[in-house]
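Text of the file upload_32.pdb, holding PDB, C-alpha atoms:
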ATOM      1  CA  MET A 769      44.812  10.566  47.185
ATOM      2  CA  THR A 770      43.764   7.076  48.329
ATOM      3  CA  PRO A 771      40.027   6.498  47.919
ATOM      4  CA  ARG A 772      38.215   6.061  51.251
ATOM      5  CA  PHE A 773      35.450   3.855  49.859
ATOM      6  CA  ALA A 774      35.871   0.521  48.090
ATOM      7  CA  PRO A 775      33.341  -0.827  45.601
ATOM      8  CA  GLY A 776      30.382  -2.307  47.504
ATOM      9  CA  THR A 777      30.479   0.316  50.285
ATOM     10  CA  HIS A 778      27.069   1.688  51.246
ATOM     11  CA  VAL A 779      27.118   5.463  51.164
ATOM     12  CA  ARG A 780      24.807   8.390  51.764
ATOM     13  CA  VAL A 781      24.987  11.598  49.715
ATOM     14  CA  ALA A 782      25.261  14.813  51.721
ATOM     15  CA  GLU A 783      22.199  17.032  51.865
ATOM     16  CA  GLY A 784      22.025  20.781  51.863
ATOM     17  CA  GLU A 785      22.171  23.565  49.338
ATOM     18  CA  PRO A 786      25.676  25.005  49.366
ATOM     19  CA  SER A 787      26.079  28.228  47.418
ATOM     20  CA  GLY A 788      28.227  28.357  44.321
ATOM     21  CA  HIS A 789      29.145  25.732  41.769
ATOM     22  CA  VAL A 790      28.608  22.140  42.915
ATOM     23  CA  ARG A 791      28.645  18.884  40.950
ATOM     24  CA  THR A 792      26.052  16.883  42.837
ATOM     25  CA  PRO A 793      22.548  17.047  41.370
ATOM     26  CA  TYR A 794      19.853  18.222  43.736
ATOM     27  CA  TYR A 795      17.701  15.121  43.215
ATOM     28  CA  ILE A 796      20.336  12.745  44.549
ATOM     29  CA  ARG A 797      21.192  14.573  47.791
ATOM     30  CA  GLY A 798      20.355  12.654  50.935
ATOM     31  CA  ARG A 799      19.895   9.369  49.019
ATOM     32  CA  HIS A 800      21.588   6.074  49.840
ATOM     33  CA  GLY A 801      23.527   4.099  47.251
ATOM     34  CA  ILE A 802      26.340   1.607  46.781
ATOM     35  CA  VAL A 803      29.790   2.397  45.359
ATOM     36  CA  GLU A 804      29.911   0.666  41.968
ATOM     37  CA  ARG A 805      33.486   1.669  41.133
ATOM     38  CA  VAL A 806      36.228   4.160  41.830
ATOM     39  CA  CYS A 807      36.591   6.289  38.697
ATOM     40  CA  GLY A 808      39.937   7.824  39.630
ATOM     41  CA  ALA A 809      40.927  11.084  41.259
ATOM     42  CA  PHE A 810      40.480  14.471  39.658
ATOM     43  CA  ARG A 811      40.975  18.086  40.610
ATOM     44  CA  ASN A 812      37.862  19.324  42.351
ATOM     45  CA  PRO A 813      35.598  21.017  39.771
ATOM     46  CA  GLU A 814      33.952  22.951  42.600
ATOM     47  CA  GLU A 815      37.346  24.663  43.137
ATOM     48  CA  LEU A 816      38.268  24.835  39.435
ATOM     49  CA  ALA A 817      35.045  26.775  38.861
ATOM     50  CA  TYR A 818      36.615  29.664  40.813
ATOM     51  CA  GLY A 819      40.001  29.487  39.117
ATOM     52  CA  ARG A 820      41.716  27.547  41.933
ATOM     53  CA  ARG A 821      43.740  24.954  40.078
ATOM     54  CA  ASP A 822      46.354  23.924  42.660
ATOM     55  CA  GLY A 823      44.156  21.749  44.883
ATOM     56  CA  PRO A 824      44.725  18.007  45.402
ATOM     57  CA  PRO A 825      42.929  15.428  43.262
ATOM     58  CA  VAL A 826      39.671  14.196  44.828
ATOM     59  CA  PRO A 827      38.476  10.603  44.370
ATOM     60  CA  LEU A 828      35.427  10.275  42.148
ATOM     61  CA  TYR A 829      33.016   7.346  42.522
ATOM     62  CA  ARG A 830      30.277   5.878  40.408
ATOM     63  CA  VAL A 831      27.483   5.273  42.895
ATOM     64  CA  ARG A 832      24.509   3.055  42.098
ATOM     65  CA  PHE A 833      21.044   3.938  43.395
ATOM     66  CA  VAL A 834      17.766   2.054  43.152
ATOM     67  CA  GLN A 835      15.421   4.146  41.002
ATOM     68  CA  SER A 836      12.448   3.642  43.305
ATOM     69  CA  ASP A 837      14.568   5.021  46.194
ATOM     70  CA  VAL A 838      15.280   8.183  44.204
ATOM     71  CA  TRP A 839      11.826   8.834  42.729
ATOM     72  CA  PRO A 840       8.913   8.090  45.078
ATOM     73  CA  ASP A 841       6.509   7.694  42.134
ATOM     74  CA  TYR A 842       8.887   5.705  39.918
ATOM     75  CA  GLY A 843       6.853   3.745  37.379
ATOM     76  CA  GLY A 844       9.539   1.506  35.877
ATOM     77  CA  ARG A 845      10.657  -2.007  36.800
ATOM     78  CA  PRO A 846      11.409  -2.570  40.507
ATOM     79  CA  GLY A 847      15.066  -3.504  39.971
ATOM     80  CA  ASP A 848      15.984  -0.472  37.842
ATOM     81  CA  THR A 849      19.080   1.406  38.951
ATOM     82  CA  LEU A 850      20.643   4.799  38.343
ATOM     83  CA  ASP A 851      24.400   5.507  38.359
ATOM     84  CA  VAL A 852      25.644   8.955  39.393
ATOM     85  CA  GLU A 853      29.291  10.047  39.535
ATOM     86  CA  LEU A 854      30.000  11.793  42.823
ATOM     87  CA  TYR A 855      33.095  13.255  44.468
ATOM     88  CA  GLU A 856      34.282  11.852  47.780
ATOM     89  CA  HIS A 857      33.516  14.953  49.872
ATOM     90  CA  TRP A 858      29.810  14.487  49.074
ATOM     91  CA  LEU A 859      29.712  10.947  50.508
ATOM     92  CA  GLU A 860      29.700   9.307  53.932
ATOM     93  CA  GLU A 861      29.711   5.606  54.727
ATOM     94  CA  VAL A 862      26.535   4.152  56.215
ATOM     95  CA  THR A 863      25.676   0.722  57.576
ATOM     96  CA  PRO A 864      23.513  -1.163  55.088
TER
ATOM     97  CA  MET B1269      17.801  24.284  44.386
ATOM     98  CA  ARG B1270      19.496  26.526  41.832
ATOM     99  CA  ASN B1271      18.282  27.624  38.358
ATOM    100  CA  HIS B1272      20.095  25.030  36.317
ATOM    101  CA  ASP B1273      19.632  22.059  38.649
ATOM    102  CA  VAL B1274      16.247  20.911  37.379
ATOM    103  CA  GLY B1275      16.797  17.153  37.010
ATOM    104  CA  GLY B1276      13.621  15.337  38.036
ATOM    105  CA  THR B1277      11.439  18.441  38.266
ATOM    106  CA  HIS B1278       8.151  18.611  36.400
ATOM    107  CA  GLN B1279       8.150  20.387  33.061
ATOM    108  CA  ASP B1280       4.973  21.399  31.235
ATOM    109  CA  GLU B1281       6.456  22.746  28.019
ATOM    110  CA  ALA B1282       7.566  20.264  25.384
ATOM    111  CA  ILE B1283      11.308  20.361  24.716
ATOM    112  CA  PRO B1284      12.033  21.313  21.089
ATOM    113  CA  ARG B1285      14.248  18.569  19.678
ATOM    114  CA  GLU B1286      14.967  19.682  16.134
ATOM    115  CA  GLN B1287      18.532  20.745  15.377
ATOM    116  CA  HIS B1288      18.985  24.207  13.851
ATOM    117  CA  ALA B1289      21.916  25.328  11.713
ATOM    118  CA  PHE B1290      24.636  27.093  13.692
ATOM    119  CA  MET B1291      25.013  30.824  13.158
ATOM    120  CA  PRO B1292      28.543  32.117  12.439
ATOM    121  CA  TRP B1293      28.666  33.879  15.852
ATOM    122  CA  GLU B1294      27.813  30.591  17.587
ATOM    123  CA  LEU B1295      30.722  28.851  15.861
ATOM    124  CA  ARG B1296      33.017  31.746  16.796
ATOM    125  CA  THR B1297      31.848  31.533  20.402
ATOM    126  CA  ASP B1298      32.739  27.840  20.424
ATOM    127  CA  ALA B1299      36.149  28.557  18.834
ATOM    128  CA  LEU B1300      36.848  31.299  21.379
ATOM    129  CA  LEU B1301      36.141  28.970  24.288
ATOM    130  CA  TRP B1302      38.564  26.413  22.831
ATOM    131  CA  ILE B1303      41.263  29.097  22.685
ATOM    132  CA  LEU B1304      40.534  30.400  26.197
ATOM    133  CA  SER B1305      40.489  26.906  27.729
ATOM    134  CA  ASP B1306      43.560  25.597  25.864
ATOM    135  CA  GLY B1307      45.767  24.131  28.589
ATOM    136  CA  SER B1308      48.786  23.719  26.297
ATOM    137  CA  ARG B1309      49.358  27.474  26.110
ATOM    138  CA  ALA B1310      52.113  29.058  28.209
ATOM    139  CA  GLY B1311      50.777  29.932  31.659
ATOM    140  CA  GLY B1312      47.870  27.471  31.365
ATOM    141  CA  PRO B1313      44.319  28.064  30.221
ATOM    142  CA  GLN B1314      42.728  31.505  30.579
ATOM    143  CA  MET B1315      39.545  29.870  31.815
ATOM    144  CA  THR B1316      38.168  26.370  32.361
ATOM    145  CA  VAL B1317      34.862  24.769  31.415
ATOM    146  CA  ASP B1318      34.179  24.567  35.161
ATOM    147  CA  GLU B1319      34.312  28.356  35.268
ATOM    148  CA  LEU B1320      32.104  28.492  32.172
ATOM    149  CA  ARG B1321      29.498  26.430  33.992
ATOM    150  CA  ARG B1322      29.759  28.575  37.115
ATOM    151  CA  GLY B1323      29.223  31.721  35.024
ATOM    152  CA  ILE B1324      26.121  30.198  33.428
ATOM    153  CA  GLU B1325      24.685  28.996  36.729
ATOM    154  CA  ASP B1326      25.170  32.407  38.354
ATOM    155  CA  MET B1327      22.948  34.147  35.794
ATOM    156  CA  PRO B1328      19.624  35.610  36.911
ATOM    157  CA  ALA B1329      16.891  32.934  36.679
ATOM    158  CA  GLU B1330      15.067  34.745  33.909
ATOM    159  CA  ASP B1331      18.163  34.932  31.689
ATOM    160  CA  TYR B1332      18.909  31.301  32.398
ATOM    161  CA  ARG B1333      15.435  30.333  31.173
ATOM    162  CA  ASN B1334      15.315  32.616  28.135
ATOM    163  CA  LEU B1335      18.795  32.762  26.646
ATOM    164  CA  GLY B1336      19.950  30.224  24.076
ATOM    165  CA  TYR B1337      22.826  27.795  24.561
ATOM    166  CA  PHE B1338      25.620  29.867  23.000
ATOM    167  CA  SER B1339      24.241  33.138  24.378
ATOM    168  CA  LYS B1340      24.743  31.634  27.825
ATOM    169  CA  TRP B1341      28.284  30.620  26.890
ATOM    170  CA  LEU B1342      29.080  34.085  25.626
ATOM    171  CA  ARG B1343      27.622  35.799  28.680
ATOM    172  CA  SER B1344      29.621  33.515  30.949
ATOM    173  CA  MET B1345      32.829  33.972  28.953
ATOM    174  CA  ILE B1346      32.445  37.750  29.268
ATOM    175  CA  ALA B1347      31.790  37.433  33.014
ATOM    176  CA  ILE B1348      34.815  35.186  33.622
ATOM    177  CA  THR B1349      37.296  37.078  31.428
ATOM    178  CA  THR B1350      36.166  40.384  32.951
ATOM    179  CA  GLU B1351      36.507  38.959  36.451
ATOM    180  CA  ARG B1352      40.024  37.767  35.558
ATOM    181  CA  GLY B1353      40.974  41.195  34.201
ATOM    182  CA  LEU B1354      41.620  39.896  30.673
ATOM    183  CA  ILE B1355      39.173  42.428  29.301
ATOM    184  CA  SER B1356      37.212  45.230  30.910
ATOM    185  CA  SER B1357      33.559  45.984  30.268
ATOM    186  CA  SER B1358      34.420  49.477  28.948
ATOM    187  CA  GLU B1359      36.912  47.907  26.537
ATOM    188  CA  LEU B1360      34.219  45.514  25.371
ATOM    189  CA  GLU B1361      31.706  48.366  24.933
ATOM    190  CA  ARG B1362      34.233  50.423  22.949
ATOM    191  CA  ARG B1363      34.931  47.489  20.633
ATOM    192  CA  ALA B1364      31.216  46.718  20.180
ATOM    193  CA  ALA B1365      30.561  50.395  19.354
ATOM    194  CA  ALA B1366      33.447  50.422  16.845
ATOM    195  CA  ILE B1367      32.071  47.312  15.129
ATOM    196  CA  ALA B1368      28.560  48.795  14.992
ATOM    197  CA  GLU B1369      29.990  51.995  13.492
ATOM    198  CA  GLU B1370      32.004  50.037  10.938
ATOM    199  CA  GLU B1371      28.897  48.096   9.931
ATOM    200  CA  ALA B1372      26.854  51.285   9.611
ATOM    201  CA  ARG B1373      29.568  52.783   7.365
ATOM    202  CA  GLU B1374      29.645  49.602   5.303
ATOM    203  CA  HIS B1375      25.887  49.708   4.952
ATOM    204  CA  ALA B1376      25.922  53.391   3.904
ATOM    205  CA  ARG B1377      28.622  52.673   1.300
ATOM    206  CA  GLU B1378      26.621  49.802  -0.164
ATOM    207  CA  HIS B1379      23.526  51.952  -0.238
ATOM    208  CA  HIS B1380      25.425  54.800  -1.934
ATOM    209  CA  SER B1381      26.814  52.608  -4.711
ATOM    210  CA  GLU B1382      23.389  51.249  -5.666
TER
END
How does the structure come out when it is put into C-alpha coordinates?
Amino acid sequence: MTPRFAPGTHVRVAEGEPSGHVRTPYYIRGRHGIVERVCGAFRNPEELAYGRRDGPPVPLYRVRFVQSDVWPDYGGRPGDTLDVELYEHWLEEVTP
Amino acid sequence: MRNHDVGGTHQDEAIPREQHAFMPWELRTDALLWILSDGSRAGGPQMTVDELRRGIEDMPAEDYRNLGYFSKWLRSMIAITTERGLISSSELERRAAAIAEEEAREHAREHHSE
(Lines of atoms letter the chains of each structure in order from A and count residues from 1; the text may use other names and numbers.)
(Lines give C-alpha, C1' and ligand atoms only; values in the text may rest on other atoms or scores of the structure.)
Protein backbone atom coordinates (compact mmCIF):
# COMPACT_ATOMS: atom_id res chain seq x y z
CA MET A 1 0.00 0.00 0.00
CA THR A 2 1.49 3.35 -1.06
CA PRO A 3 1.56 5.86 1.80
CA ARG A 4 -0.73 8.85 1.21
CA PHE A 5 1.33 11.28 3.29
CA ALA A 6 4.96 12.22 2.75
CA PRO A 7 7.21 13.45 5.56
CA GLY A 8 6.45 17.13 6.25
CA THR A 9 2.70 16.78 5.59
CA HIS A 10 0.50 18.53 8.15
CA VAL A 11 -2.09 16.14 9.49
CA ARG A 12 -4.95 16.08 11.96
CA VAL A 13 -5.76 13.01 14.07
CA ALA A 14 -9.37 11.82 13.91
CA GLU A 15 -11.54 12.44 16.95
CA GLY A 16 -14.21 10.24 18.41
CA GLU A 17 -14.40 7.23 20.65
CA PRO A 18 -14.85 4.16 18.48
CA SER A 19 -15.71 0.99 20.38
CA GLY A 20 -13.30 -1.91 20.47
CA HIS A 21 -9.54 -2.09 20.23
CA VAL A 22 -7.89 1.01 18.75
CA ARG A 23 -4.24 2.05 18.64
CA THR A 24 -4.56 5.81 18.87
CA PRO A 25 -4.25 7.21 22.40
CA TYR A 26 -7.15 9.30 23.57
CA TYR A 27 -4.97 12.31 24.40
CA ILE A 28 -3.78 12.76 20.83
CA ARG A 29 -7.16 12.64 19.06
CA GLY A 30 -8.12 15.85 17.31
CA ARG A 31 -4.56 17.24 17.54
CA HIS A 32 -2.53 18.60 14.63
CA GLY A 33 0.97 17.37 13.87
CA ILE A 34 3.52 16.91 11.10
CA VAL A 35 4.52 13.58 9.53
CA GLU A 36 8.10 12.95 10.67
CA ARG A 37 8.56 9.70 8.76
CA VAL A 38 6.78 6.77 7.18
CA CYS A 39 7.51 3.74 9.36
CA GLY A 40 6.34 1.14 6.85
CA ALA A 41 3.08 -0.71 6.36
CA PHE A 42 1.73 -3.28 8.77
CA ARG A 43 -1.39 -5.36 9.16
CA ASN A 44 -3.98 -3.33 11.02
CA PRO A 45 -3.77 -4.19 14.74
CA GLU A 46 -7.36 -3.00 15.14
CA GLU A 47 -8.37 -5.92 12.87
CA LEU A 48 -5.78 -8.37 14.24
CA ALA A 49 -7.29 -7.82 17.70
CA TYR A 50 -10.41 -9.65 16.46
CA GLY A 51 -8.55 -12.48 14.75
CA ARG A 52 -8.85 -11.01 11.22
CA ARG A 53 -5.40 -11.57 9.77
CA ASP A 54 -6.03 -11.35 6.02
CA GLY A 55 -6.39 -7.57 5.71
CA PRO A 56 -4.02 -5.38 3.67
CA PRO A 57 -1.03 -3.68 5.29
CA VAL A 58 -1.78 -0.13 6.48
CA PRO A 59 0.87 2.61 6.36
CA LEU A 60 2.12 3.67 9.78
CA TYR A 61 3.53 7.16 10.37
CA ARG A 62 5.57 8.77 13.09
CA VAL A 63 3.81 12.08 13.64
CA ARG A 64 5.43 14.94 15.56
CA PHE A 65 3.34 17.18 17.80
CA VAL A 66 4.29 20.28 19.76
CA GLN A 67 3.91 19.44 23.45
CA SER A 68 2.18 22.72 24.28
CA ASP A 69 -0.43 21.92 21.59
CA VAL A 70 -1.17 18.57 23.25
CA TRP A 71 -1.18 19.64 26.91
CA PRO A 72 -2.76 23.04 27.58
CA ASP A 73 -0.85 23.39 30.87
CA TYR A 74 2.48 22.07 29.56
CA GLY A 75 5.27 23.34 31.80
CA GLY A 76 8.33 22.31 29.78
CA ARG A 77 10.35 24.22 27.18
CA PRO A 78 8.32 25.86 24.40
CA GLY A 79 9.95 23.88 21.58
CA ASP A 80 9.44 20.42 23.11
CA THR A 81 7.86 17.86 20.81
CA LEU A 82 6.15 14.50 21.16
CA ASP A 83 6.27 11.71 18.54
CA VAL A 84 3.33 9.30 18.25
CA GLU A 85 3.07 6.41 15.79
CA LEU A 86 -0.31 6.46 14.08
CA TYR A 87 -1.96 4.40 11.34
CA GLU A 88 -3.06 6.10 8.14
CA HIS A 89 -6.82 5.67 8.68
CA TRP A 90 -6.56 7.90 11.77
CA LEU A 91 -5.07 10.82 9.82
CA GLU A 92 -6.28 13.47 7.38
CA GLU A 93 -4.22 16.13 5.63
CA VAL A 94 -4.75 19.72 6.72
CA THR A 95 -3.42 23.02 5.42
CA PRO A 96 -0.73 24.35 7.75
CA MET B 1 -12.21 7.17 26.93
CA ARG B 2 -11.75 3.51 27.82
CA ASN B 3 -10.32 1.94 31.02
CA HIS B 4 -6.79 1.42 29.84
CA ASP B 5 -6.38 4.65 27.87
CA VAL B 6 -5.26 6.88 30.73
CA GLY B 7 -2.26 8.67 29.18
CA GLY B 8 -2.22 12.27 30.40
CA THR B 9 -4.93 11.84 33.03
CA HIS B 10 -4.31 12.91 36.61
CA GLN B 11 -3.25 10.22 39.05
CA ASP B 12 -3.23 10.72 42.82
CA GLU B 13 -1.71 7.43 43.92
CA ALA B 14 2.04 7.00 43.63
CA ILE B 15 3.05 4.27 41.18
CA PRO B 16 5.01 1.50 42.94
CA ARG B 17 8.28 1.13 41.05
CA GLU B 18 10.06 -1.70 42.82
CA GLN B 19 10.43 -4.95 40.90
CA HIS B 20 9.12 -8.09 42.61
CA ALA B 21 10.29 -11.64 41.94
CA PHE B 22 8.13 -13.49 39.42
CA MET B 23 5.94 -16.28 40.74
CA PRO B 24 6.11 -19.63 38.91
CA TRP B 25 2.53 -19.16 37.58
CA GLU B 26 3.51 -15.78 36.12
CA LEU B 27 6.41 -17.36 34.23
CA ARG B 28 4.11 -20.13 33.00
CA THR B 29 1.57 -17.55 31.85
CA ASP B 30 4.31 -15.82 29.86
CA ALA B 31 5.46 -19.16 28.38
CA LEU B 32 1.89 -20.07 27.44
CA LEU B 33 1.41 -16.81 25.57
CA TRP B 34 4.62 -17.45 23.61
CA ILE B 35 3.27 -20.87 22.59
CA LEU B 36 -0.19 -19.53 21.69
CA SER B 37 1.21 -16.62 19.66
CA ASP B 38 3.93 -18.64 17.87
CA GLY B 39 3.44 -17.82 14.19
CA SER B 40 5.82 -20.55 13.00
CA ARG B 41 3.40 -23.31 13.99
CA ALA B 42 1.29 -25.01 11.31
CA GLY B 43 -1.93 -23.07 10.76
CA GLY B 44 -0.48 -19.87 12.26
CA PRO B 45 -0.69 -18.55 15.80
CA GLN B 46 -3.63 -19.50 18.03
CA MET B 47 -3.86 -15.91 19.20
CA THR B 48 -2.00 -12.63 18.71
CA VAL B 49 -0.77 -10.02 21.18
CA ASP B 50 -3.32 -7.68 19.59
CA GLU B 51 -6.04 -10.05 20.77
CA LEU B 52 -4.37 -10.22 24.18
CA ARG B 53 -4.61 -6.45 24.44
CA ARG B 54 -8.23 -6.44 23.30
CA GLY B 55 -9.09 -9.04 25.96
CA ILE B 56 -7.43 -6.92 28.65
CA GLU B 57 -9.10 -3.70 27.52
CA ASP B 58 -12.54 -5.33 27.48
CA MET B 59 -12.37 -6.23 31.18
CA PRO B 60 -14.72 -4.51 33.62
CA ALA B 61 -13.13 -1.26 34.87
CA GLU B 62 -12.80 -2.55 38.41
CA ASP B 63 -10.88 -5.67 37.33
CA TYR B 64 -8.69 -3.56 35.09
CA ARG B 65 -7.74 -1.37 38.06
CA ASN B 66 -7.27 -4.15 40.61
CA LEU B 67 -5.77 -7.14 38.82
CA GLY B 68 -2.02 -7.52 38.44
CA TYR B 69 -0.16 -7.60 35.13
CA PHE B 70 -0.08 -11.37 34.59
CA SER B 71 -3.57 -11.87 36.05
CA LYS B 72 -4.80 -9.61 33.26
CA TRP B 73 -2.85 -11.65 30.71
CA LEU B 74 -4.29 -14.89 32.02
CA ARG B 75 -7.85 -13.57 32.08
CA SER B 76 -7.47 -12.34 28.51
CA MET B 77 -5.89 -15.58 27.32
CA ILE B 78 -8.83 -17.52 28.78
CA ALA B 79 -11.30 -15.13 27.13
CA ILE B 80 -9.63 -15.35 23.70
CA THR B 81 -9.04 -19.12 23.67
CA THR B 82 -12.61 -19.72 24.87
CA GLU B 83 -13.96 -17.38 22.21
CA ARG B 84 -11.92 -19.28 19.60
CA GLY B 85 -13.24 -22.64 20.82
CA LEU B 86 -9.78 -23.93 21.79
CA ILE B 87 -11.03 -24.60 25.30
CA SER B 88 -14.44 -24.33 26.90
CA SER B 89 -15.13 -22.81 30.30
CA SER B 90 -16.54 -26.13 31.60
CA GLU B 91 -13.35 -27.88 30.46
CA LEU B 92 -11.31 -25.27 32.30
CA GLU B 93 -13.43 -25.66 35.45
CA ARG B 94 -13.09 -29.45 35.34
CA ARG B 95 -9.31 -29.19 35.03
CA ALA B 96 -9.07 -26.60 37.83
CA ALA B 97 -11.20 -28.85 40.08
CA ALA B 98 -9.01 -31.87 39.26
CA ILE B 99 -5.86 -29.91 40.14
CA ALA B 100 -7.39 -28.69 43.41
CA GLU B 101 -8.37 -32.27 44.27
CA GLU B 102 -4.90 -33.55 43.43
CA GLU B 103 -3.35 -30.88 45.66
CA ALA B 104 -5.72 -31.72 48.51
CA ARG B 105 -4.77 -35.41 48.20
CA GLU B 106 -1.09 -34.49 48.14
CA HIS B 107 -1.55 -32.36 51.23
CA ALA B 108 -3.41 -35.15 53.07
CA ARG B 109 -0.66 -37.65 52.18
CA GLU B 110 2.04 -35.32 53.48
CA HIS B 111 0.06 -34.74 56.64
CA HIS B 112 -0.46 -38.49 57.13
CA SER B 113 3.23 -39.34 56.80
CA GLU B 114 4.28 -36.81 59.45
To verify the selection step, state as a PDB file with C-alpha atoms, keeping the file's coordinate frame which residues the ChimeraX specification (/B :<8) & /A yields on this input.
ATOM      1  CA  GLU A 785      22.171  23.565  49.338  1.00  0.00           C
ATOM      2  CA  GLY A 788      28.227  28.357  44.321  1.00  0.00           C
ATOM      3  CA  HIS A 789      29.145  25.732  41.769  1.00  0.00           C
ATOM      4  CA  PRO A 793      22.548  17.047  41.370  1.00  0.00           C
ATOM      5  CA  TYR A 794      19.853  18.222  43.736  1.00  0.00           C
ATOM      6  CA  TYR A 795      17.701  15.121  43.215  1.00  0.00           C
ATOM      7  CA  PRO A 813      35.598  21.017  39.771  1.00  0.00           C
ATOM      8  CA  GLU A 814      33.952  22.951  42.600  1.00  0.00           C
ATOM      9  CA  LEU A 816      38.268  24.835  39.435  1.00  0.00           C
ATOM     10  CA  ALA A 817      35.045  26.775  38.861  1.00  0.00           C
ATOM     11  CA  TYR A 818      36.615  29.664  40.813  1.00  0.00           C
ATOM     12  CA  GLY A 819      40.001  29.487  39.117  1.00  0.00           C
TER      13      GLY A 819
END
Specify the axis-aligned box that encloses all atoms of range 792-810 of chain A listed in the file after padding of 3 Å on each side, stating its centre and edge lengths in Å to one decimal as AutoDock Vina command-line options.
--center_x 29.3 --center_y 9.4 --center_z 44.8 --size_x 29.2 --size_y 23.6 --size_z 18.2
Find the residues around range 1339-1341 of chain B up to 10 Å (only C-alpha atoms counted), leave out those fewer than 2 positions away in its own chain, and share them as JSON, numbers by chain.
{"B": [1293, 1294, 1297, 1298, 1301, 1317, 1320, 1321, 1323, 1324, 1325, 1327, 1331, 1332, 1333, 1334, 1335, 1336, 1337, 1343, 1344, 1345, 1346, 1347]}
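In this model, the gap between CA of Glu853 in chain A and CA of Gly1307 in chain B comes to 24.3 Å.
CA of Ser1357 in chain B sits 17.6 Å away from CA of Leu1304 in chain B.
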So the first atom is CA of Arg772 in chain A and the second is CA of Asp851 in chain A; what is the distance between them in Å, to one decimal place?
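If I compute the distance from CA of Arg772 in chain A to CA of Asp851 in chain A, I get 18.9 Å.
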Could you check which of A:Glu815, A:Arg780, A:Ile802, A:Leu850 is closest to Val838 in chain A, using all atoms listed in the file?
A:Leu850
Please reconstruct the missing atoms of range 842-857 of chain A (target: N, CA and C atoms) and return them as a CSV table (one decimal), in the coordinates of the input.
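Here's the written file result11.csv:
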chain,number,residue,atom,x,y,z
A,842,TYR,N,8.2,6.4,41.1
A,842,TYR,CA,8.9,5.7,39.9
A,842,TYR,C,8.0,4.6,39.3
A,843,GLY,N,7.8,4.7,38.0
A,843,GLY,CA,6.9,3.7,37.4
A,843,GLY,C,7.5,2.6,36.6
A,844,GLY,N,8.8,2.5,36.6
A,844,GLY,CA,9.5,1.5,35.9
A,844,GLY,C,9.6,0.2,36.6
A,845,ARG,N,10.5,-0.7,36.2
A,845,ARG,CA,10.7,-2.0,36.8
A,845,ARG,C,11.3,-1.9,38.2
A,846,PRO,N,10.9,-2.7,39.1
A,846,PRO,CA,11.4,-2.6,40.5
A,846,PRO,C,12.9,-2.6,40.6
A,847,GLY,N,13.6,-3.4,39.8
A,847,GLY,CA,15.1,-3.5,40.0
A,847,GLY,C,15.9,-2.4,39.3
A,848,ASP,N,15.2,-1.5,38.6
A,848,ASP,CA,16.0,-0.5,37.8
A,848,ASP,C,16.9,0.3,38.7
A,849,THR,N,18.1,0.6,38.2
A,849,THR,CA,19.1,1.4,39.0
A,849,THR,C,19.5,2.6,38.2
A,850,LEU,N,20.2,3.5,38.9
A,850,LEU,CA,20.6,4.8,38.3
A,850,LEU,C,22.1,5.0,38.9
A,851,ASP,N,23.0,5.3,37.9
A,851,ASP,CA,24.4,5.5,38.4
A,851,ASP,C,24.7,7.0,38.3
A,852,VAL,N,25.3,7.5,39.4
A,852,VAL,CA,25.6,9.0,39.4
A,852,VAL,C,27.1,9.0,39.8
A,853,GLU,N,27.9,9.9,39.1
A,853,GLU,CA,29.3,10.0,39.5
A,853,GLU,C,29.4,11.2,40.5
A,854,LEU,N,30.0,10.9,41.7
A,854,LEU,CA,30.0,11.8,42.8
A,854,LEU,C,31.4,11.9,43.4
A,855,TYR,N,31.8,13.1,43.8
A,855,TYR,CA,33.1,13.3,44.5
A,855,TYR,C,33.0,12.9,45.9
A,856,GLU,N,34.2,12.4,46.4
A,856,GLU,CA,34.3,11.9,47.8
A,856,GLU,C,33.7,12.8,48.9
A,857,HIS,N,34.0,14.1,48.8
A,857,HIS,CA,33.5,15.0,49.9
A,857,HIS,C,32.0,15.1,50.0
